[in-house]
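Colleague: Structure file protein-v8.csv, CSV, C-alpha atoms, is pasted below:
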```csv
chain,number,residue,atom,x,y,z
M,21,MET,CA,63.8,95.4,107.9
M,22,SER,CA,63.1,98.0,105.3
M,23,GLN,CA,61.7,101.4,106.4
M,24,PRO,CA,58.5,102.9,104.8
M,25,PHE,CA,60.1,106.4,104.6
M,26,ALA,CA,63.4,107.8,103.5
M,27,LYS,CA,66.3,106.9,105.8
M,28,LEU,CA,67.2,109.3,108.6
M,29,PRO,CA,70.7,109.8,109.8
M,30,ALA,CA,71.6,107.1,112.4
M,31,TRP,CA,71.7,109.5,115.3
M,32,ALA,CA,68.2,110.7,114.5
M,33,ASP,CA,66.8,107.3,113.6
M,34,TYR,CA,68.1,105.5,116.7
M,35,GLY,CA,68.1,108.4,119.2
M,36,LEU,CA,66.0,111.4,118.3
M,37,LEU,CA,63.0,109.8,116.8
M,38,PRO,CA,62.4,107.3,119.7
M,39,LEU,CA,62.9,110.2,122.1
M,40,ILE,CA,60.3,112.3,120.4
M,41,ASN,CA,57.9,109.3,120.4
M,42,LEU,CA,58.5,108.8,124.1
M,43,ILE,CA,58.1,112.5,125.0
M,44,VAL,CA,54.7,112.6,123.2
M,45,ALA,CA,53.6,109.4,124.8
M,46,PHE,CA,54.4,110.7,128.3
M,47,PHE,CA,52.8,114.1,127.4
M,48,VAL,CA,49.5,112.4,126.5
M,49,ALA,CA,49.8,110.1,129.6
M,50,GLY,CA,50.2,113.3,131.6
M,51,LEU,CA,47.0,114.6,130.3
M,52,VAL,CA,45.2,111.4,131.3
M,53,VAL,CA,46.7,111.8,134.8
M,54,LEU,CA,45.5,115.4,134.9
M,55,LEU,CA,42.0,114.4,133.9
M,56,VAL,CA,41.7,112.1,137.0
M,57,GLY,CA,42.7,115.0,139.3
M,58,GLU,CA,46.3,114.2,140.0
M,59,SER,CA,49.5,116.0,139.2
M,60,PRO,CA,51.5,114.6,136.2
M,61,ILE,CA,54.7,115.9,137.7
M,62,ASP,CA,54.1,114.2,141.0
M,63,ALA,CA,53.2,111.0,139.2
M,64,ALA,CA,56.4,111.2,137.1
M,65,VAL,CA,58.5,111.7,140.3
M,66,LEU,CA,56.7,108.8,142.0
M,67,MET,CA,57.3,106.5,139.0
M,68,VAL,CA,61.0,107.3,138.8
M,69,LYS,CA,61.4,107.0,142.6
M,70,GLY,CA,59.5,103.7,142.6
M,71,ALA,CA,61.7,102.3,139.8
M,72,PHE,CA,65.1,103.6,140.8
M,73,GLY,CA,64.8,105.0,144.3
M,74,SER,CA,65.7,101.9,146.2
M,75,GLY,CA,67.5,98.6,145.9
M,76,ASP,CA,64.3,96.6,145.6
M,77,GLY,CA,62.9,99.2,143.1
M,78,VAL,CA,66.0,98.8,140.9
M,79,GLY,CA,65.8,95.0,141.4
M,80,TYR,CA,62.2,94.7,140.2
M,81,THR,CA,62.8,97.1,137.3
M,82,LEU,CA,65.7,95.0,136.0
M,83,TYR,CA,63.8,91.8,136.7
M,84,TYR,CA,61.0,92.9,134.4
M,85,ALA,CA,63.5,94.3,131.9
M,86,THR,CA,65.1,90.9,131.7
M,87,ASN,CA,61.9,89.4,130.3
M,88,PHE,CA,61.6,92.2,127.8
M,89,ILE,CA,65.2,92.0,126.6
M,90,PHE,CA,64.6,88.3,125.6
M,91,THR,CA,61.3,88.9,123.9
M,92,GLY,CA,62.5,92.1,122.3
M,93,LEU,CA,65.5,90.3,120.8
M,94,CYS,CA,63.1,87.5,119.7
M,95,VAL,CA,61.1,90.0,117.7
M,96,ALA,CA,64.1,92.0,116.4
M,97,VAL,CA,65.9,88.9,114.9
M,98,ALA,CA,62.7,88.1,112.9
M,99,PHE,CA,62.3,91.8,111.9
M,100,HIS,CA,65.7,91.8,110.3
M,101,CYS,CA,64.6,88.9,108.1
M,102,GLY,CA,61.4,90.7,107.2
M,103,LEU,CA,59.3,88.4,109.4
M,104,PHE,CA,56.8,89.6,112.1
M,105,ASN,CA,57.1,87.0,114.8
M,106,ILE,CA,54.4,87.9,117.3
M,107,GLY,CA,54.5,84.4,118.8
M,108,GLY,CA,57.0,85.2,121.5
M,109,GLU,CA,54.4,84.8,124.1
M,110,GLY,CA,53.7,81.2,123.2
M,111,GLN,CA,57.3,80.4,122.5
M,112,ALA,CA,58.3,81.6,125.9
M,113,TYR,CA,55.4,79.7,127.4
M,114,ILE,CA,56.4,76.4,125.8
M,115,GLY,CA,60.1,77.2,126.6
M,116,GLY,CA,59.0,76.9,130.2
M,117,LEU,CA,58.6,73.1,129.6
M,118,GLY,CA,62.3,72.8,129.0
M,119,VAL,CA,63.0,74.7,132.2
M,120,ALA,CA,60.5,72.5,134.1
M,121,VAL,CA,62.2,69.3,132.8
M,122,VAL,CA,65.6,70.4,134.1
M,123,GLY,CA,64.3,72.0,137.3
M,124,LEU,CA,62.1,69.1,138.3
M,125,GLY,CA,64.5,66.3,137.2
M,126,LEU,CA,67.8,67.7,138.2
M,127,GLY,CA,67.1,70.5,140.8
M,128,ASN,CA,67.6,68.1,143.7
M,129,VAL,CA,70.6,66.4,142.2
M,130,LEU,CA,72.9,68.9,140.6
M,131,PRO,CA,74.1,72.4,141.7
M,132,TRP,CA,72.6,75.5,139.9
M,133,TRP,CA,75.8,76.2,138.0
M,134,ILE,CA,75.3,72.9,136.1
M,135,THR,CA,71.5,73.0,135.8
M,136,PHE,CA,71.5,76.6,134.6
M,137,PRO,CA,73.4,75.8,131.3
M,138,LEU,CA,71.2,72.8,130.8
M,139,ALA,CA,68.1,74.8,131.3
M,140,ILE,CA,69.4,77.4,128.8
M,141,ILE,CA,69.8,74.7,126.2
M,142,ALA,CA,66.5,73.1,127.1
M,143,SER,CA,64.4,76.3,127.0
M,144,GLY,CA,66.1,77.5,123.9
M,145,LEU,CA,65.6,74.2,122.1
M,146,VAL,CA,61.9,73.9,123.0
M,147,GLY,CA,61.2,77.5,122.0
M,148,ALA,CA,63.1,77.0,118.7
M,149,LEU,CA,61.1,73.9,117.9
M,150,TRP,CA,57.8,75.6,118.7
M,151,ALA,CA,58.8,78.4,116.2
M,152,LEU,CA,59.9,75.8,113.6
M,153,ILE,CA,56.3,74.9,112.7
M,154,PRO,CA,55.2,78.4,111.7
M,155,ALA,CA,58.6,79.0,110.0
M,156,TRP,CA,58.1,75.8,107.9
M,157,LEU,CA,54.5,76.8,107.1
M,158,GLN,CA,55.7,80.3,106.0
M,159,ALA,CA,58.6,79.0,103.9
M,160,LYS,CA,57.1,76.0,102.3
M,161,ARG,CA,53.3,76.5,102.3
M,162,GLY,CA,53.0,80.3,102.2
M,163,SER,CA,51.1,80.5,105.4
M,164,HIS,CA,51.7,84.0,106.8
M,165,VAL,CA,53.8,83.9,109.9
M,166,VAL,CA,51.7,86.6,111.7
M,167,ILE,CA,48.6,84.4,111.5
M,168,THR,CA,50.3,81.1,112.5
M,169,THR,CA,52.2,82.6,115.4
M,170,ILE,CA,49.0,84.2,116.8
M,171,MET,CA,47.4,80.8,116.6
M,172,PHE,CA,50.3,79.1,118.2
M,173,ASN,CA,50.2,81.5,121.2
M,174,PHE,CA,46.7,80.1,122.1
M,175,ILE,CA,47.8,76.5,121.4
M,176,ALA,CA,50.8,77.0,123.7
M,177,ALA,CA,48.6,78.4,126.5
M,178,SER,CA,46.2,75.4,126.2
M,179,ILE,CA,49.0,72.9,126.2
M,180,MET,CA,50.5,74.4,129.4
M,181,VAL,CA,47.1,74.4,131.1
M,182,TYR,CA,46.6,70.7,130.1
M,183,LEU,CA,50.0,69.6,131.3
M,184,LEU,CA,50.0,71.6,134.5
M,185,VAL,CA,46.5,70.5,135.6
M,186,GLY,CA,46.8,66.9,134.4
M,187,TYR,CA,50.4,65.9,134.8
M,188,LEU,CA,52.8,68.4,136.3
M,189,LYS,CA,50.7,69.6,139.2
M,190,ALA,CA,52.2,69.0,142.6
M,191,SER,CA,50.5,66.3,144.6
M,192,GLY,CA,48.2,67.3,147.4
M,193,THR,CA,47.4,70.8,146.0
M,194,GLN,CA,44.7,72.2,143.7
M,195,ALA,CA,46.9,75.0,142.4
M,196,PRO,CA,47.9,74.4,138.7
M,197,GLU,CA,51.6,74.6,139.4
M,198,THR,CA,54.6,72.3,139.8
M,199,ARG,CA,56.3,71.6,143.0
M,200,VAL,CA,59.1,73.9,144.1
M,201,PHE,CA,62.4,73.1,142.5
M,202,GLY,CA,65.3,71.9,144.6
M,203,ASP,CA,68.2,74.2,145.4
M,204,GLY,CA,69.9,73.3,142.1
M,205,GLY,CA,66.9,74.6,140.2
M,206,GLN,CA,67.0,78.0,141.8
M,207,LEU,CA,69.1,80.8,140.4
M,208,PRO,CA,71.2,83.0,142.7
M,209,GLY,CA,70.1,86.7,143.0
M,210,LEU,CA,72.1,89.7,142.0
M,211,GLY,CA,71.9,91.6,145.3
M,212,TRP,CA,75.7,91.6,145.5
M,213,LEU,CA,75.8,93.5,142.2
M,214,LEU,CA,73.6,96.2,143.4
M,215,SER,CA,75.5,96.4,146.7
M,216,LEU,CA,78.5,97.5,144.7
M,217,ILE,CA,76.7,100.8,143.9
M,218,GLY,CA,75.3,101.1,147.5
M,219,LEU,CA,71.9,99.7,147.0
M,220,ASN,CA,70.4,97.1,149.3
M,221,MET,CA,68.1,94.6,147.5
M,222,ARG,CA,66.0,92.6,150.0
M,223,SER,CA,63.1,90.9,148.3
M,224,ALA,CA,63.4,91.7,144.6
M,225,PRO,CA,63.8,88.6,142.3
M,226,LEU,CA,66.6,90.0,140.1
M,227,ASN,CA,68.8,87.1,139.3
M,228,ILE,CA,71.7,86.1,137.0
M,229,SER,CA,69.4,85.6,134.0
M,230,PHE,CA,69.7,89.4,133.7
M,231,LEU,CA,73.3,88.9,132.9
M,232,LEU,CA,72.4,86.1,130.4
M,233,ALA,CA,70.0,88.6,128.7
M,234,LEU,CA,72.9,91.1,128.3
M,235,VAL,CA,75.1,88.3,126.8
M,236,ALA,CA,72.2,87.3,124.5
M,237,ALA,CA,71.9,91.0,123.3
M,238,PHE,CA,75.7,91.1,122.5
M,239,LEU,CA,75.5,87.7,120.7
M,240,VAL,CA,72.6,88.9,118.6
M,241,TRP,CA,74.6,92.0,117.6
M,242,VAL,CA,77.5,89.8,116.6
M,243,LEU,CA,75.1,87.5,114.7
M,244,ILE,CA,73.3,90.2,112.7
M,245,TRP,CA,76.2,92.5,111.9
M,246,ARG,CA,79.3,90.4,112.1
M,247,THR,CA,78.5,87.0,110.5
M,248,LYS,CA,77.7,85.7,107.1
M,249,LEU,CA,74.4,84.3,108.4
M,250,GLY,CA,73.5,87.8,109.7
M,251,TYR,CA,74.2,89.3,106.3
M,252,GLU,CA,72.0,86.8,104.7
M,253,ILE,CA,69.2,87.5,107.2
M,254,ARG,CA,69.4,91.2,106.6
M,255,THR,CA,69.5,90.8,102.8
M,256,MET,CA,66.4,88.7,103.0
M,257,GLY,CA,64.7,91.4,105.1
M,258,TYR,CA,65.7,94.2,102.7
M,259,SER,CA,64.9,92.4,99.4
M,260,PRO,CA,63.9,88.8,99.1
M,261,LYS,CA,64.3,89.0,95.3
M,262,ALA,CA,67.9,90.2,95.7
M,263,ALA,CA,68.6,87.5,98.2
M,264,ARG,CA,67.2,84.8,95.9
M,265,TYR,CA,69.3,86.3,93.0
M,266,ALA,CA,72.4,86.1,95.2
M,267,GLY,CA,71.8,82.4,95.8
M,268,ILE,CA,70.5,82.8,99.4
M,269,GLY,CA,68.1,80.0,100.2
M,270,GLU,CA,64.8,81.6,101.3
M,271,VAL,CA,63.5,78.5,103.0
M,272,ARG,CA,66.7,77.9,104.9
M,273,ILE,CA,67.0,81.6,106.1
M,274,ILE,CA,63.4,81.8,107.2
M,275,VAL,CA,63.6,78.6,109.2
M,276,ILE,CA,66.9,79.4,110.8
M,277,THR,CA,65.8,82.9,111.7
M,278,MET,CA,62.6,81.9,113.2
M,279,MET,CA,64.2,79.1,115.2
M,280,ILE,CA,66.8,81.6,116.6
M,281,SER,CA,63.9,84.0,117.4
M,282,GLY,CA,62.0,81.2,119.2
M,283,ALA,CA,65.0,80.1,121.1
M,284,LEU,CA,65.5,83.7,122.5
M,285,ALA,CA,61.8,83.8,123.5
M,286,GLY,CA,62.1,80.3,125.1
M,287,MET,CA,65.0,81.5,127.3
M,288,MET,CA,62.9,84.2,128.7
M,289,ALA,CA,61.2,81.5,130.8
M,290,LEU,CA,64.4,81.1,132.9
M,291,ASN,CA,63.9,84.4,134.6
M,292,PRO,CA,60.4,83.9,136.2
M,293,ILE,CA,60.7,80.1,136.6
M,294,MET,CA,64.2,79.5,137.9
M,295,GLY,CA,64.9,83.0,139.1
M,296,ALA,CA,61.7,84.1,140.9
M,297,GLN,CA,59.0,81.5,141.3
M,298,HIS,CA,61.2,78.4,141.5
M,299,ARG,CA,58.4,76.4,139.9
M,300,VAL,CA,56.1,76.6,136.9
M,301,GLN,CA,52.9,78.5,137.3
M,302,LEU,CA,50.1,79.4,134.9
M,303,ASP,CA,50.7,82.6,133.0
M,304,PHE,CA,54.3,83.1,134.1
M,305,VAL,CA,55.0,85.0,130.8
M,306,ALA,CA,52.4,87.6,131.8
M,307,GLY,CA,52.3,89.4,128.4
M,308,ALA,CA,56.1,89.9,128.1
M,309,GLY,CA,55.9,88.4,124.6
M,310,PHE,CA,53.7,91.2,123.4
M,311,VAL,CA,55.6,93.9,125.2
M,312,GLY,CA,58.6,92.6,123.3
M,313,ILE,CA,57.1,93.9,120.1
M,314,ALA,CA,57.0,97.5,121.4
M,315,VAL,CA,60.5,97.0,122.9
M,316,ALA,CA,61.9,95.9,119.5
M,317,LEU,CA,60.2,98.8,117.7
M,318,MET,CA,61.4,101.4,120.2
M,319,GLY,CA,64.9,100.0,120.1
M,320,ARG,CA,64.9,100.0,116.3
M,321,SER,CA,65.7,96.3,116.4
M,322,HIS,CA,69.2,97.0,117.6
M,323,PRO,CA,70.3,95.1,120.8
M,324,ALA,CA,71.6,98.3,122.5
M,325,GLY,CA,68.3,100.0,121.9
M,326,ILE,CA,66.4,97.0,123.0
M,327,VAL,CA,68.2,96.9,126.3
M,328,LEU,CA,67.4,100.5,127.0
M,329,ALA,CA,63.8,100.2,125.8
M,330,ALA,CA,63.4,97.1,128.0
M,331,ILE,CA,64.6,99.0,131.1
M,332,LEU,CA,62.1,101.8,130.2
M,333,PHE,CA,59.3,99.3,130.2
M,334,GLY,CA,60.6,97.7,133.4
M,335,MET,CA,60.4,101.2,134.9
M,336,LEU,CA,56.8,101.5,133.7
M,337,TYR,CA,55.9,98.3,135.4
M,338,GLN,CA,57.6,98.8,138.7
M,339,GLY,CA,57.1,102.6,138.9
M,340,GLY,CA,53.5,102.2,137.9
M,341,ALA,CA,52.9,99.9,140.9
M,342,GLU,CA,54.3,102.7,143.1
M,343,ILE,CA,52.0,105.3,141.6
M,344,ALA,CA,48.9,103.0,142.0
M,345,PHE,CA,49.8,102.6,145.7
M,346,ASP,CA,50.5,106.3,146.5
M,347,MET,CA,47.9,107.9,144.3
M,348,PRO,CA,44.4,106.4,145.0
M,349,ASN,CA,42.8,108.2,142.0
M,350,ILE,CA,45.2,106.3,139.6
M,351,SER,CA,44.2,102.7,139.6
M,352,ARG,CA,46.1,99.8,138.2
M,353,ASP,CA,44.0,100.1,135.1
M,354,MET,CA,45.2,103.6,134.6
M,355,ILE,CA,48.8,102.4,134.7
M,356,VAL,CA,47.9,99.9,132.0
M,357,ILE,CA,46.6,102.9,129.9
M,358,ILE,CA,49.8,104.8,130.4
M,359,GLN,CA,51.8,101.7,129.4
M,360,GLY,CA,49.5,101.3,126.4
M,361,LEU,CA,50.1,104.9,125.3
M,362,VAL,CA,53.9,104.3,125.3
M,363,ILE,CA,53.4,101.1,123.3
M,364,LEU,CA,51.1,103.0,120.9
M,365,PHE,CA,53.5,105.8,120.1
M,366,ALA,CA,56.6,103.6,120.2
M,367,GLY,CA,55.0,100.8,118.2
M,368,ALA,CA,52.0,101.4,116.1
M,369,LEU,CA,52.7,105.1,115.5
M,370,GLU,CA,56.5,104.9,115.6
M,371,HIS,CA,56.8,106.5,112.1
M,372,MET,CA,54.2,109.3,112.7
M,373,PHE,CA,56.9,112.0,113.2
M,374,ARG,CA,59.4,110.6,110.7
M,375,PRO,CA,58.3,112.6,107.6
M,376,THR,CA,58.2,115.9,109.6
M,377,LEU,CA,61.6,115.2,111.2
M,378,LEU,CA,63.0,114.3,107.8
M,379,ARG,CA,61.8,117.5,106.2
M,380,LEU,CA,63.2,119.6,109.1
M,381,LEU,CA,66.6,117.9,108.8
M,382,GLN,CA,66.6,118.3,105.0
M,383,ARG,CA,65.7,122.0,105.4
M,384,PHE,CA,68.5,122.4,107.9
M,385,ALA,CA,71.0,120.7,105.6
M,386,ARG,CA,70.0,123.0,102.7
M,387,THR,CA,70.3,126.1,104.8
M,388,LYS,CA,73.7,125.0,106.0
M,389,ARG,CA,74.9,124.3,102.4
M,390,GLN,CA,73.6,127.7,101.2
M,391,SER,CA,75.4,129.6,104.0
M,392,THR,CA,78.7,127.8,103.6
M,393,PRO,CA,79.6,129.4,100.2
M,394,ALA,CA,78.7,132.8,101.5
M,395,VAL,CA,81.0,132.3,104.5
M,396,ALA,CA,83.8,131.1,102.3
M,397,ALA,CA,83.4,134.1,99.9
M,398,GLU,CA,83.6,136.5,102.8
M,399,GLY,CA,86.8,134.8,104.0
M,400,GLY,CA,88.4,135.1,100.6
M,401,GLN,CA,87.9,138.8,100.3
```
Can you present the structure in this file as structure tokens?

Modeller:
Amino acid sequence: MSQPFAKLPAWADYGLLPLINLIVAFFVAGLVVLLVGESPIDAAVLMVKGAFGSGDGVGYTLYYATNFIFTGLCVAVAFHCGLFNIGGEGQAYIGGLGVAVVGLGLGNVLPWWITFPLAIIASGLVGALWALIPAWLQAKRGSHVVITTIMFNFIAASIMVYLLVGYLKASGTQAPETRVFGDGGQLPGLGWLLSLIGLNMRSAPLNISFLLALVAAFLVWVLIWRTKLGYEIRTMGYSPKAARYAGIGEVRIIVITMMISGALAGMMALNPIMGAQHRVQLDFVAGAGFVGIAVALMGRSHPAGIVLAAILFGMLYQGGAEIAFDMPNISRDMIVIIQGLVILFAGALEHMFRPTLLRLLQRFARTKRQSTPAVAAEGGQ
């Protein structure tokens, strides 16, 4: 997706600028913590300790990060085509229907290593089909994808409430949730992986969908930068006029891109449903679709950056819970404010420091060029 300012060097655009945004966000968050009478340094130590200080802490951090990787990739793929898909929340929600069909229908019949691939296909397909409608409306009718995907988030939530309450609810209970899946509908945990580095994970729901998220990130990198389709997607994002002149079908690219984006969001449902809850509950997405927007922006729509940004937000979720428990003056609402500040500077204000950083780098480059001839002249004497 085209940038609103002159292009920075890759190391500054993908590394230095996000780091500056993050430092400013935490500085402002530290002021907020200071205002409520707590030490920002102690709060920062508690956050890091809560997120990475134990096996369960790491497990929960990576569990949250799994959701954000999927939704961040969802947003990033659309970004590269010049589309702003903010419907990841609804696409993940509806993708849960595909997981439910496999888990309820085959969980008591087949082992997990067979139901898992089927659930991947089902969740991705349902999420893609849910994104197809806004994509078609954008490509054929000119309906802006931002508006339609917002609307479809609410439609998806209403559909899930209707189905859970009216049809999928377990018999003999008032809770709007399905019955617990059989063993074949439950994904194995990754405690063995953490044990390799000496961490003991007891109750954290980290499961193999985390590995699937890493595979998805790699495949998105291959798609965007190593395939003809990825080149067409990026061309459409940089210049639709140039893409049309080159013979790239606008309708085809928009529809395909949005369906890939929706499929990635749909697969996010695997983590909470098959990996943690082992059933479908209301609001299992829990805002991950919207956090994915900030993750994609902070990660500069690059899969490697998205993985790192997702782990950062996983740390904020898990470490924030530790702060709220150990520091009574910092409520859960305060943690949401801190998370919001990171989203603000990483998302809405991500380009605030870009002009200043660009001027500083240009000034440094001019100074270096001016000093080089002088050094060369002295060497020649």

Colleague: Write out as a ChimeraX atom specification each polymer residue whose atoms come within 9 Å of region 231-245 of chain M, counting all atoms listed in the file; drop sequence neighbours fewer than 4 positions from it.

Modeller: /M:86-87,89-90,93,97,100,227,249-254,284,287-288,322-324,326-327

Colleague: Closest to Trp156 (chain M) among M:Arg272, M:Lys69, M:Lys261, M:Arg246, using all atoms listed in the file?

Modeller: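 Going through M:Arg272, M:Lys69, M:Lys261, M:Arg246 one by one, the smallest distance to Trp156 (chain M) is for M:Arg272.
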
Colleague: Measuring atom to atom with all atoms listed in the file, identify which of M:Phe333, M:Tyr113, M:Phe230, M:Phe72 is nearest to Ala176 (chain M).

Modeller: M:Tyr113

Colleague: Please list as a list of chain:residue names every residue within 10 Å of Leu157 (chain M), counting all atoms listed in the file and excluding residues in the same chain fewer than 6 positions away.

Modeller: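 Returned residues: M:Ser163, M:His164, M:Val165, M:Thr168, M:Val275.
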
Colleague: Using only C-alpha atoms, find each residue of region 67-97 of chain M with at least one atom at most 12 Å away from an atom of region 142-152 of chain M; report its shortest atom-to-atom pair and that distance in Å (one decimal), sort the rows by chain and rising residue number, and return the result as JSON lines.

Modeller:
```
{"residue": "M:Phe90", "atom": "CA", "partner": "M:Gly144", "partner_atom": "CA", "distance": 11.0}
{"residue": "M:Thr91", "atom": "CA", "partner": "M:Gly147", "partner_atom": "CA", "distance": 11.6}
{"residue": "M:Cys94", "atom": "CA", "partner": "M:Gly147", "partner_atom": "CA", "distance": 10.4}
{"residue": "M:Val95", "atom": "CA", "partner": "M:Ala151", "partner_atom": "CA", "distance": 11.9}
```

Colleague: Do you have the CA of Asp76 (chain M)-CA of Arg299 (chain M) distance handy?

Modeller: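 Between CA of Asp76 (chain M) and CA of Arg299 (chain M) the gap works out to 21.8 Å.
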
Colleague: Rank nothing, just name the residue among M:Gln390, M:Asp303, M:Gln111, M:Ser74 nearest to Leu219 (chain M), using only C-alpha atoms.

Modeller: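 Smallest distance to Leu219 (chain M) is found for M:Ser74.
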
Colleague: Suppose you want the space between CA of Val200 (chain M) and CA of His298 (chain M); what is it in Å?

Modeller: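 Distance reported for this atom pair: 5.6 Å.
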
Colleague: Got a moment to write region 290-304 of chain M out with N, CA, C and O atoms, as an mmCIF file, in the first residue's frame?

Modeller:
```cif
data_model
loop_
_atom_site.group_PDB
_atom_site.id
_atom_site.type_symbol
_atom_site.label_atom_id
_atom_site.label_comp_id
_atom_site.auth_asym_id
_atom_site.auth_seq_id
_atom_site.Cartn_x
_atom_site.Cartn_y
_atom_site.Cartn_z
ATOM 1 N N LEU M 290 -9.857 -21.153 14.983
ATOM 2 C CA LEU M 290 -9.316 -22.442 15.416
ATOM 3 C C LEU M 290 -8.688 -22.349 16.803
ATOM 4 O O LEU M 290 -8.814 -23.268 17.619
ATOM 5 N N ASN M 291 -8.001 -21.243 17.053
ATOM 6 C CA ASN M 291 -7.253 -21.112 18.302
ATOM 7 C C ASN M 291 -8.153 -21.107 19.534
ATOM 8 O O ASN M 291 -7.969 -21.933 20.438
ATOM 9 N N PRO M 292 -9.153 -20.213 19.621
ATOM 10 C CA PRO M 292 -9.995 -20.230 20.827
ATOM 11 C C PRO M 292 -10.973 -21.391 20.878
ATOM 12 O O PRO M 292 -11.276 -21.890 21.966
ATOM 13 N N ILE M 293 -11.475 -21.839 19.728
ATOM 14 C CA ILE M 293 -12.539 -22.853 19.746
ATOM 15 C C ILE M 293 -11.971 -24.260 19.945
ATOM 16 O O ILE M 293 -12.322 -24.954 20.901
ATOM 17 N N MET M 294 -11.088 -24.696 19.059
ATOM 18 C CA MET M 294 -10.535 -26.046 19.175
ATOM 19 C C MET M 294 -9.353 -26.111 20.128
ATOM 20 O O MET M 294 -9.069 -27.168 20.690
ATOM 21 N N GLY M 295 -8.666 -24.974 20.295
ATOM 22 C CA GLY M 295 -7.450 -25.004 21.107
ATOM 23 C C GLY M 295 -7.646 -24.691 22.564
ATOM 24 O O GLY M 295 -6.851 -25.128 23.400
ATOM 25 N N ALA M 296 -8.694 -23.926 22.922
ATOM 26 C CA ALA M 296 -8.853 -23.487 24.308
ATOM 27 C C ALA M 296 -10.208 -23.856 24.886
ATOM 28 O O ALA M 296 -10.297 -24.571 25.890
ATOM 29 N N GLN M 297 -11.297 -23.397 24.275
ATOM 30 C CA GLN M 297 -12.626 -23.585 24.853
ATOM 31 C C GLN M 297 -13.208 -24.959 24.549
ATOM 32 O O GLN M 297 -14.056 -25.458 25.289
ATOM 33 N N HIS M 298 -12.788 -25.549 23.409
ATOM 34 C CA HIS M 298 -13.293 -26.848 22.957
ATOM 35 C C HIS M 298 -14.803 -26.835 22.740
ATOM 36 O O HIS M 298 -15.468 -27.857 22.826
ATOM 37 N N ARG M 299 -15.314 -25.663 22.461
ATOM 38 C CA ARG M 299 -16.720 -25.470 22.108
ATOM 39 C C ARG M 299 -16.850 -24.049 21.580
ATOM 40 O O ARG M 299 -15.936 -23.237 21.727
ATOM 41 N N VAL M 300 -17.988 -23.735 20.990
ATOM 42 C CA VAL M 300 -18.217 -22.385 20.478
ATOM 43 C C VAL M 300 -19.001 -21.603 21.519
ATOM 44 O O VAL M 300 -20.094 -22.010 21.915
ATOM 45 N N GLN M 301 -18.449 -20.470 21.945
ATOM 46 C CA GLN M 301 -19.103 -19.581 22.892
ATOM 47 C C GLN M 301 -19.292 -18.208 22.249
ATOM 48 O O GLN M 301 -18.636 -17.875 21.257
ATOM 49 N N LEU M 302 -20.186 -17.423 22.835
ATOM 50 C CA LEU M 302 -20.371 -16.065 22.349
ATOM 51 C C LEU M 302 -19.094 -15.246 22.541
ATOM 52 O O LEU M 302 -18.381 -15.401 23.532
ATOM 53 N N ASP M 303 -18.808 -14.399 21.558
ATOM 54 C CA ASP M 303 -17.700 -13.442 21.637
ATOM 55 C C ASP M 303 -16.354 -14.124 21.841
ATOM 56 O O ASP M 303 -15.499 -13.634 22.587
ATOM 57 N N PHE M 304 -16.140 -15.256 21.172
ATOM 58 C CA PHE M 304 -14.838 -15.908 21.298
ATOM 59 C C PHE M 304 -13.742 -15.131 20.575
ATOM 60 O O PHE M 304 -12.558 -15.318 20.848
#
```
